[in-house]
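Structure file query.cif (mmCIF, C-alpha atoms) follows.
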data_input
#
loop_
_atom_site.label_atom_id
_atom_site.label_comp_id
_atom_site.auth_asym_id
_atom_site.auth_seq_id
_atom_site.Cartn_x
_atom_site.Cartn_y
_atom_site.Cartn_z
CA MET A 1 -38.54 -32.86 2.94
CA ASP A 2 -39.71 -29.29 2.66
CA LYS A 3 -39.07 -28.71 6.32
CA ASP A 4 -35.61 -30.12 5.85
CA SER A 5 -34.69 -27.78 3.06
CA ALA A 6 -36.07 -24.83 4.99
CA ALA A 7 -33.91 -25.74 7.97
CA ILE A 8 -30.86 -26.02 5.78
CA GLN A 9 -31.67 -22.73 4.18
CA LYS A 10 -31.82 -21.10 7.57
CA LYS A 11 -28.46 -22.57 8.52
CA LEU A 12 -27.05 -21.43 5.22
CA GLN A 13 -28.28 -17.92 5.84
CA ALA A 14 -26.71 -17.80 9.29
CA GLU A 15 -23.43 -19.16 8.01
CA LEU A 16 -23.40 -16.67 5.18
CA GLU A 17 -23.96 -13.78 7.55
CA GLN A 18 -21.06 -14.89 9.69
CA PHE A 19 -18.88 -15.22 6.65
CA GLN A 20 -19.77 -11.76 5.42
CA ALA A 21 -19.09 -10.23 8.82
CA GLY A 22 -15.70 -11.94 8.78
CA GLN A 23 -15.02 -10.60 5.33
CA LYS A 24 -15.75 -7.07 6.54
CA ASP A 25 -13.35 -7.44 9.46
CA PHE A 26 -10.82 -8.80 7.07
CA SER A 27 -10.85 -5.82 4.75
CA LYS A 28 -10.74 -3.48 7.73
CA LEU A 29 -7.63 -5.24 8.99
CA VAL A 30 -6.03 -5.12 5.58
CA GLN A 31 -6.60 -1.39 5.49
CA GLN A 32 -5.09 -1.01 8.91
CA ARG A 33 -2.09 -3.01 7.86
CA GLN A 34 -1.62 -0.78 4.86
CA ILE A 35 -1.61 2.32 7.03
CA LEU A 36 0.90 0.72 9.40
CA GLU A 37 3.13 -0.30 6.56
CA GLY A 38 3.04 3.21 5.20
CA GLN A 39 3.98 4.64 8.57
CA LEU A 40 6.79 2.16 8.95
CA ASN A 41 8.14 3.10 5.57
CA GLU A 42 7.97 6.80 6.29
CA ASN A 43 9.79 6.31 9.57
CA LYS A 44 12.39 4.21 7.85
CA CYS A 45 13.06 7.01 5.39
CA VAL A 46 13.30 9.54 8.21
CA LEU A 47 15.71 7.38 10.13
CA GLU A 48 17.89 6.88 7.08
CA GLU A 49 17.95 10.61 6.61
CA LEU A 50 18.78 11.23 10.25
CA ASP A 51 21.60 8.71 10.07
CA LEU A 52 23.10 10.60 7.15
CA LEU A 53 23.26 13.84 9.09
CA LYS A 54 26.41 15.21 10.60
CA SER A 55 26.42 16.57 14.12
CA GLU A 56 26.44 20.18 12.88
CA ASN A 57 23.09 19.74 11.18
CA LEU A 58 20.20 21.09 13.21
CA VAL A 59 17.11 18.96 13.70
CA TYR A 60 13.67 20.32 14.49
CA LYS A 61 10.48 18.60 15.46
CA LEU A 62 7.07 19.95 14.61
CA TYR A 63 4.82 20.38 17.64
CA GLY A 64 1.57 21.85 16.46
CA PRO A 65 2.60 24.83 14.34
CA VAL A 66 6.02 25.39 15.93
CA LEU A 67 9.36 23.86 15.17
CA VAL A 68 11.33 22.89 18.25
CA LYS A 69 15.03 22.23 18.12
CA GLN A 70 15.93 18.63 18.88
CA ASP A 71 19.04 16.75 19.77
CA LEU A 72 20.07 14.61 16.80
CA GLN A 73 20.84 11.58 18.91
CA GLU A 74 17.51 11.89 20.68
CA ALA A 75 15.66 12.24 17.41
CA ARG A 76 17.27 9.06 16.11
CA GLN A 77 16.29 7.21 19.25
CA ASN A 78 12.74 8.48 19.06
CA VAL A 79 12.27 7.42 15.48
CA GLY A 80 13.82 4.06 16.26
CA LYS A 81 11.44 3.55 19.15
CA ARG A 82 8.49 4.51 17.04
CA MET A 83 9.54 2.01 14.40
CA GLU A 84 9.73 -0.74 17.02
CA TYR A 85 6.23 0.11 18.14
CA ILE A 86 4.86 0.13 14.60
CA LYS A 87 6.56 -3.18 13.86
CA LYS A 88 4.90 -4.71 16.90
CA GLU A 89 1.52 -3.39 15.81
CA LEU A 90 2.11 -4.71 12.32
CA LYS A 91 2.94 -8.15 13.65
CA ARG A 92 -0.21 -8.21 15.75
CA CYS A 93 -2.23 -7.14 12.74
CA ASN A 94 -0.71 -9.89 10.60
CA ASP A 95 -1.38 -12.50 13.25
CA THR A 96 -5.05 -11.61 13.54
CA LEU A 97 -5.31 -11.57 9.77
CA GLU A 98 -3.92 -15.08 9.62
CA THR A 99 -6.32 -16.49 12.18
CA LEU A 100 -9.20 -14.71 10.52
CA GLU A 101 -8.25 -16.15 7.18
CA LYS A 102 -8.28 -19.65 8.63
CA LYS A 103 -11.68 -18.98 10.14
CA GLN A 104 -12.98 -17.71 6.82
CA ASP A 105 -11.71 -20.80 5.05
CA LYS A 106 -13.67 -22.95 7.47
CA HIS A 107 -16.76 -20.86 6.86
CA ARG A 108 -16.29 -21.22 3.15
CA GLU A 109 -16.06 -24.98 3.48
CA SER A 110 -19.19 -25.32 5.57
CA LEU A 111 -20.99 -22.95 3.24
CA GLN A 112 -20.19 -25.20 0.34
CA LYS A 113 -21.34 -28.24 2.25
CA LEU A 114 -24.59 -26.57 3.21
CA GLN A 115 -25.18 -25.50 -0.33
CA GLN A 116 -24.79 -29.05 -1.54
CA GLN A 117 -27.09 -30.34 1.18
CA TYR A 118 -29.63 -27.75 0.22
CA GLN A 119 -29.49 -28.70 -3.42
CA VAL A 120 -29.92 -32.36 -2.56
CA ALA A 121 -32.88 -31.58 -0.30
CA VAL A 122 -34.55 -29.50 -3.00
CA ALA A 123 -33.94 -32.14 -5.63
CA MET A 124 -35.43 -34.89 -3.42
CA LYS A 125 -38.75 -33.06 -3.21
CA MET B 1 -11.37 -33.57 -21.55
CA SER B 2 -9.98 -30.06 -21.61
CA GLY B 3 -7.64 -28.35 -24.00
CA ASN B 4 -4.71 -28.10 -21.63
CA LYS B 5 -2.38 -25.32 -22.60
CA GLY B 6 0.41 -26.67 -20.45
CA GLY B 7 3.50 -24.78 -19.43
CA ASP B 8 2.96 -21.25 -20.70
CA LYS B 9 1.60 -20.04 -17.36
CA PRO B 10 3.73 -17.50 -15.51
CA GLU B 11 3.46 -19.38 -12.22
CA GLN B 12 3.80 -22.95 -11.13
CA ILE B 13 0.17 -23.56 -10.24
CA ASP B 14 -1.73 -25.19 -13.05
CA LEU B 15 -4.72 -22.91 -13.43
CA THR B 16 -6.70 -25.43 -15.39
CA LYS B 17 -6.83 -27.68 -12.34
CA LEU B 18 -8.64 -25.07 -10.27
CA GLY B 19 -12.41 -24.95 -10.06
CA LEU B 20 -14.39 -22.14 -11.58
CA GLN B 21 -15.21 -20.68 -8.17
CA GLN B 22 -11.61 -20.74 -7.07
CA LEU B 23 -10.61 -19.06 -10.29
CA GLN B 24 -13.14 -16.32 -9.72
CA ARG B 25 -11.70 -15.77 -6.28
CA VAL B 26 -8.18 -15.63 -7.62
CA LYS B 27 -9.34 -13.16 -10.23
CA MET B 28 -10.99 -10.94 -7.65
CA GLU B 29 -7.90 -10.99 -5.48
CA PHE B 30 -5.70 -9.99 -8.35
CA GLU B 31 -8.03 -7.27 -9.46
CA THR B 32 -8.00 -5.65 -6.03
CA GLU B 33 -4.23 -5.92 -5.99
CA MET B 34 -4.05 -4.22 -9.35
CA ASN B 35 -6.17 -1.39 -8.01
CA VAL B 36 -3.82 -0.96 -5.10
CA PHE B 37 -0.91 -0.82 -7.51
CA GLN B 38 -2.59 1.80 -9.59
CA GLU B 39 -3.31 3.94 -6.55
CA SER B 40 0.26 3.67 -5.27
CA MET B 41 1.52 4.54 -8.71
CA GLN B 42 -0.50 7.74 -8.73
CA THR B 43 0.67 8.72 -5.27
CA LEU B 44 4.26 8.01 -6.21
CA LEU B 45 4.04 10.12 -9.33
CA LYS B 46 2.58 12.97 -7.30
CA CYS B 47 5.39 12.61 -4.74
CA LYS B 48 7.99 12.65 -7.42
CA GLY B 49 6.52 15.82 -8.84
CA LYS B 50 6.62 17.51 -5.47
CA TYR B 51 10.25 16.59 -4.83
CA ALA B 52 11.20 17.62 -8.34
CA THR B 53 9.60 21.07 -7.95
CA SER B 54 11.40 21.60 -4.66
CA LYS B 55 14.65 20.67 -6.31
CA GLU B 56 14.04 23.01 -9.21
CA ALA B 57 13.26 25.83 -6.82
CA LEU B 58 16.55 25.21 -5.03
CA GLU B 59 18.45 25.21 -8.28
CA GLN B 60 17.20 28.73 -8.97
CA ILE B 61 18.82 30.01 -5.82
CA LYS B 62 22.33 31.38 -6.20
CA PRO B 63 24.82 31.92 -3.37
CA ASP B 64 25.18 35.63 -4.22
CA TRP B 65 21.53 36.27 -3.39
CA GLU B 66 22.42 37.42 0.11
CA ASN B 67 20.56 40.67 0.90
CA LYS B 68 18.60 40.39 -2.33
CA GLU B 69 15.19 42.01 -2.23
CA ILE B 70 12.23 39.70 -2.60
CA LEU B 71 8.48 39.85 -2.30
CA VAL B 72 7.07 37.51 0.30
CA PRO B 73 3.56 36.26 -0.35
CA LEU B 74 1.26 36.85 2.62
CA THR B 75 -1.81 35.62 0.76
CA GLY B 76 -2.26 34.49 -2.79
CA SER B 77 -2.67 38.07 -3.95
CA MET B 78 -0.74 40.16 -1.46
CA TYR B 79 3.01 40.50 -1.07
CA VAL B 80 5.32 42.38 1.27
CA PRO B 81 8.90 43.29 0.45
CA GLY B 82 11.69 41.54 2.27
CA THR B 83 15.40 40.81 2.08
CA LEU B 84 17.00 37.42 1.78
CA LYS B 85 19.36 36.46 4.58
CA ASN B 86 21.17 33.23 5.15
CA VAL B 87 20.89 31.92 1.61
CA ASP B 88 22.90 28.87 2.48
CA SER B 89 20.51 27.38 4.98
CA PHE B 90 17.26 25.56 4.30
CA VAL B 91 14.89 23.73 6.59
CA ILE B 92 13.56 20.56 5.03
CA ASP B 93 10.63 18.44 6.10
CA ILE B 94 11.94 14.89 6.16
CA GLY B 95 8.68 13.35 7.30
CA THR B 96 6.86 12.37 10.51
CA GLY B 97 7.21 15.91 11.83
CA TYR B 98 10.99 16.11 11.67
CA TYR B 99 12.69 19.03 9.98
CA VAL B 100 16.39 19.37 9.27
CA GLU B 101 18.50 22.42 8.54
CA LYS B 102 20.86 21.88 5.65
CA ASN B 103 23.03 23.99 3.38
CA LEU B 104 22.26 24.49 -0.30
CA GLU B 105 24.35 21.62 -1.63
CA ASP B 106 23.06 19.11 0.91
CA SER B 107 19.49 20.24 0.30
CA LYS B 108 19.82 19.72 -3.43
CA ASP B 109 21.38 16.37 -2.76
CA TYR B 110 18.46 15.46 -0.48
CA PHE B 111 15.86 16.15 -3.14
CA LYS B 112 17.88 14.42 -5.80
CA ARG B 113 18.08 11.32 -3.61
CA LYS B 114 14.36 11.48 -2.94
CA VAL B 115 13.48 11.80 -6.62
CA ASP B 116 15.73 8.83 -7.38
CA TYR B 117 14.21 6.81 -4.56
CA VAL B 118 10.67 7.47 -5.72
CA GLN B 119 11.65 6.68 -9.29
CA GLU B 120 13.04 3.37 -8.09
CA GLN B 121 9.76 2.56 -6.37
CA ILE B 122 7.84 3.53 -9.50
CA GLU B 123 9.89 1.13 -11.57
CA LYS B 124 9.40 -1.66 -9.04
CA ILE B 125 5.65 -1.18 -9.08
CA ASP B 126 5.64 -0.99 -12.84
CA MET B 127 7.32 -4.39 -13.02
CA LEU B 128 4.94 -5.95 -10.50
CA GLN B 129 1.99 -4.48 -12.30
CA MET B 130 3.08 -6.01 -15.57
CA GLN B 131 3.59 -9.43 -14.02
CA LYS B 132 0.22 -9.30 -12.31
CA SER B 133 -1.61 -8.24 -15.43
CA GLN B 134 -0.04 -11.11 -17.36
CA PHE B 135 -1.18 -13.52 -14.72
CA LEU B 136 -4.61 -11.95 -14.62
CA ASN B 137 -4.89 -12.43 -18.37
CA ALA B 138 -4.01 -16.09 -17.96
CA VAL B 139 -6.70 -16.44 -15.30
CA HIS B 140 -9.19 -14.74 -17.61
CA GLU B 141 -8.36 -17.14 -20.39
CA VAL B 142 -8.80 -20.21 -18.22
CA ILE B 143 -12.10 -18.91 -16.87
CA GLU B 144 -13.37 -18.37 -20.38
CA MET B 145 -12.23 -21.84 -21.36
CA LYS B 146 -14.01 -23.38 -18.39
CA VAL B 147 -17.20 -21.47 -19.05
CA ALA B 148 -17.16 -22.50 -22.69
CA ALA B 149 -16.59 -26.13 -21.71
CA LEU B 150 -19.48 -25.97 -19.26
CA GLN B 151 -21.79 -24.47 -21.84
CA SER B 152 -21.00 -27.04 -24.49
CA LYS B 153 -21.59 -29.76 -21.91
CA GLN B 154 -24.97 -28.38 -20.95
CA GLN B 155 -26.31 -27.91 -24.44
CA PRO B 156 -27.05 -31.54 -25.42
CA THR B 157 -29.28 -32.19 -22.36
#
Let me see whether you can do it: turn the structure in this file into structure tokens.
Amino acid sequence: MDKDSAAIQKKLQAELEQFQAGQKDFSKLVQQRQILEGQLNENKCVLEELDLLKSENLVYKLYGPVLVKQDLQEARQNVGKRMEYIKKELKRCNDTLETLEKKQDKHRESLQKLQQQYQVAVAMK
Amino acid sequence: MSGNKGGDKPEQIDLTKLGLQQLQRVKMEFETEMNVFQESMQTLLKCKGKYATSKEALEQIKPDWENKEILVPLTGSMYVPGTLKNVDSFVIDIGTGYYVEKNLEDSKDYFKRKVDYVQEQIEKIDMLQMQKSQFLNAVHEVIEMKVAALQSKQQPT
């Protein structure tokens, strides 16, 4: 019986480590998603602003410390493209988060099972 | 078996049916969310302040300031004299490295819009925060109830 409980404990430990690693990845991804969402929002604001402009307004883009004059139409296109890219990234991030969450749920389940088994094994001693 | 409080929960899930562990998890999730809200709130307030100061600065500027003498700060404690030219043209940072040249009225309008926008977001977050904290309180209550029930069950043995 003692051997049994020790084996279960070992399994439990391994499972727990996997779960914790998953949890770490999870929070990292959530952080990444937050950054992406922030960027998307900022770009949205910029695009809205650019759309409000009339053709006589001058647009500049910051390259390093210098402002370079930009074509308004081009600027709109650029921001639009960037938003597309960020949206794609965001979707990818969400997808991996979803699969990871499913994986974590499975881990949680097996952890619970192992815990119960362990308790039974200890009680049988 | 349990003193069911019934329908006064803000959401459809019956909290009393959840296990203690699940409740703890829900609680943790909500607490982290609340933290995020608080952080965003602070950033938003800071943003609003920045936009508001820019707007105030613009409101000081009058169209007849052309050729007015000013002192331009080179460092925090050193200034050189200069003259104002082109008082009806301002370059505004609209984010992600884009700058736009606008006249005085449009610039003021820009900052006004931004202040309003940020205020809107602040109100939204305020609402969400209130809802969440109500729900969190409900979760707290149920957890306490469950713990109390567990304790009273354990005592006789």
message: Going by the chain IDs and residue numbers used in this file, which residues fall under the PyMOL selection byres ((chain B) within 9 of (chain A))? Write them as a list in words.
response: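 Taken over the shown coordinates, the PyMOL selection byres ((chain B) within 9 of (chain A)) returns Val91, Ile94, Gly95, Thr96, Gly97, Tyr98, Tyr99, Val100, Glu101, Lys102, Asn103 and Tyr110 of chain B.
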Expansion of the PyMOL selection byres ((chain A and resi 21-25) around 12) into residues, as a PDB file with C-alpha atoms, in the coordinates of the input:
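File result04.pdb, as written:
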ATOM      1  CA  ALA A  14     -26.710 -17.800   9.290  1.00  0.00           C
ATOM      2  CA  GLU A  15     -23.430 -19.160   8.010  1.00  0.00           C
ATOM      3  CA  LEU A  16     -23.400 -16.670   5.180  1.00  0.00           C
ATOM      4  CA  GLU A  17     -23.960 -13.780   7.550  1.00  0.00           C
ATOM      5  CA  GLN A  18     -21.060 -14.890   9.690  1.00  0.00           C
ATOM      6  CA  PHE A  19     -18.880 -15.220   6.650  1.00  0.00           C
ATOM      7  CA  GLN A  20     -19.770 -11.760   5.420  1.00  0.00           C
ATOM      8  CA  PHE A  26     -10.820  -8.800   7.070  1.00  0.00           C
ATOM      9  CA  SER A  27     -10.850  -5.820   4.750  1.00  0.00           C
ATOM     10  CA  LYS A  28     -10.740  -3.480   7.730  1.00  0.00           C
ATOM     11  CA  LEU A  29      -7.630  -5.240   8.990  1.00  0.00           C
ATOM     12  CA  VAL A  30      -6.030  -5.120   5.580  1.00  0.00           C
ATOM     13  CA  GLN A  31      -6.600  -1.390   5.490  1.00  0.00           C
ATOM     14  CA  GLN A  32      -5.090  -1.010   8.910  1.00  0.00           C
ATOM     15  CA  CYS A  93      -2.230  -7.140  12.740  1.00  0.00           C
ATOM     16  CA  THR A  96      -5.050 -11.610  13.540  1.00  0.00           C
ATOM     17  CA  LEU A  97      -5.310 -11.570   9.770  1.00  0.00           C
ATOM     18  CA  THR A  99      -6.320 -16.490  12.180  1.00  0.00           C
ATOM     19  CA  LEU A 100      -9.200 -14.710  10.520  1.00  0.00           C
ATOM     20  CA  GLU A 101      -8.250 -16.150   7.180  1.00  0.00           C
ATOM     21  CA  LYS A 102      -8.280 -19.650   8.630  1.00  0.00           C
ATOM     22  CA  LYS A 103     -11.680 -18.980  10.140  1.00  0.00           C
ATOM     23  CA  GLN A 104     -12.980 -17.710   6.820  1.00  0.00           C
ATOM     24  CA  ASP A 105     -11.710 -20.800   5.050  1.00  0.00           C
ATOM     25  CA  LYS A 106     -13.670 -22.950   7.470  1.00  0.00           C
ATOM     26  CA  HIS A 107     -16.760 -20.860   6.860  1.00  0.00           C
ATOM     27  CA  ARG A 108     -16.290 -21.220   3.150  1.00  0.00           C
TER      28      ARG A 108
END
field: Contacts of Lys68 of chain B within 9 Å, only C-alpha atoms, excl. fewer than 2 positions in-chain, as an NGL selection string
entry: :B and (64-66 or 70 or 82-85)
message: Report, in Å to a single decimal, how far apart atom CA of Asp106 of chain B and atom CA of Glu69 of chain B are.
response: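 Between atom CA of Glu69 of chain B and atom CA of Asp106 of chain B the gap is 24.4 Å.
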task: Name the residues that the PyMOL selection byres ((chain B and resi 123-129) around 12) picks from the file above, as an NGL selection string, using the file's chain letters and numbers.
output: :B and (30-45 or 116-122 or 130-136)
Coordinates-based distance that separates atom CA of Lys48 of chain B from atom CA of Val115 of chain B (Å, one decimal):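 The value is 5.6 Å.
Picture a line from atom CA of Glu98 of chain A to atom CA of Thr16 of chain B; it runs 27.2 Å.
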- request: Taking (-30.4, -31.7, -1.0) in the file's own coordinates, collect the residues within 12 Å, counting only C-alpha atoms, and hand them back as an MDAnalysis selection string.
  value: chainID A and resid 1:9 113:125
Using the file's own x, y and z axes, what box holds all listed atoms of segment 78-97 of chain A with 4 Å on each side, keeping edges along x, y and z, and what are its centre and edge lengths in Å to one decimal, as AutoDock Vina command-line options?
--center_x 4.3 --center_y -2.0 --center_z 14.5 --size_x 27.1 --size_y 29.0 --size_z 17.4
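Nearest to Gln21 of chain B of all the residues B:Ala138, B:Ile143, B:Ala149, B:Val72 is B:Ile143, counting only C-alpha atoms.
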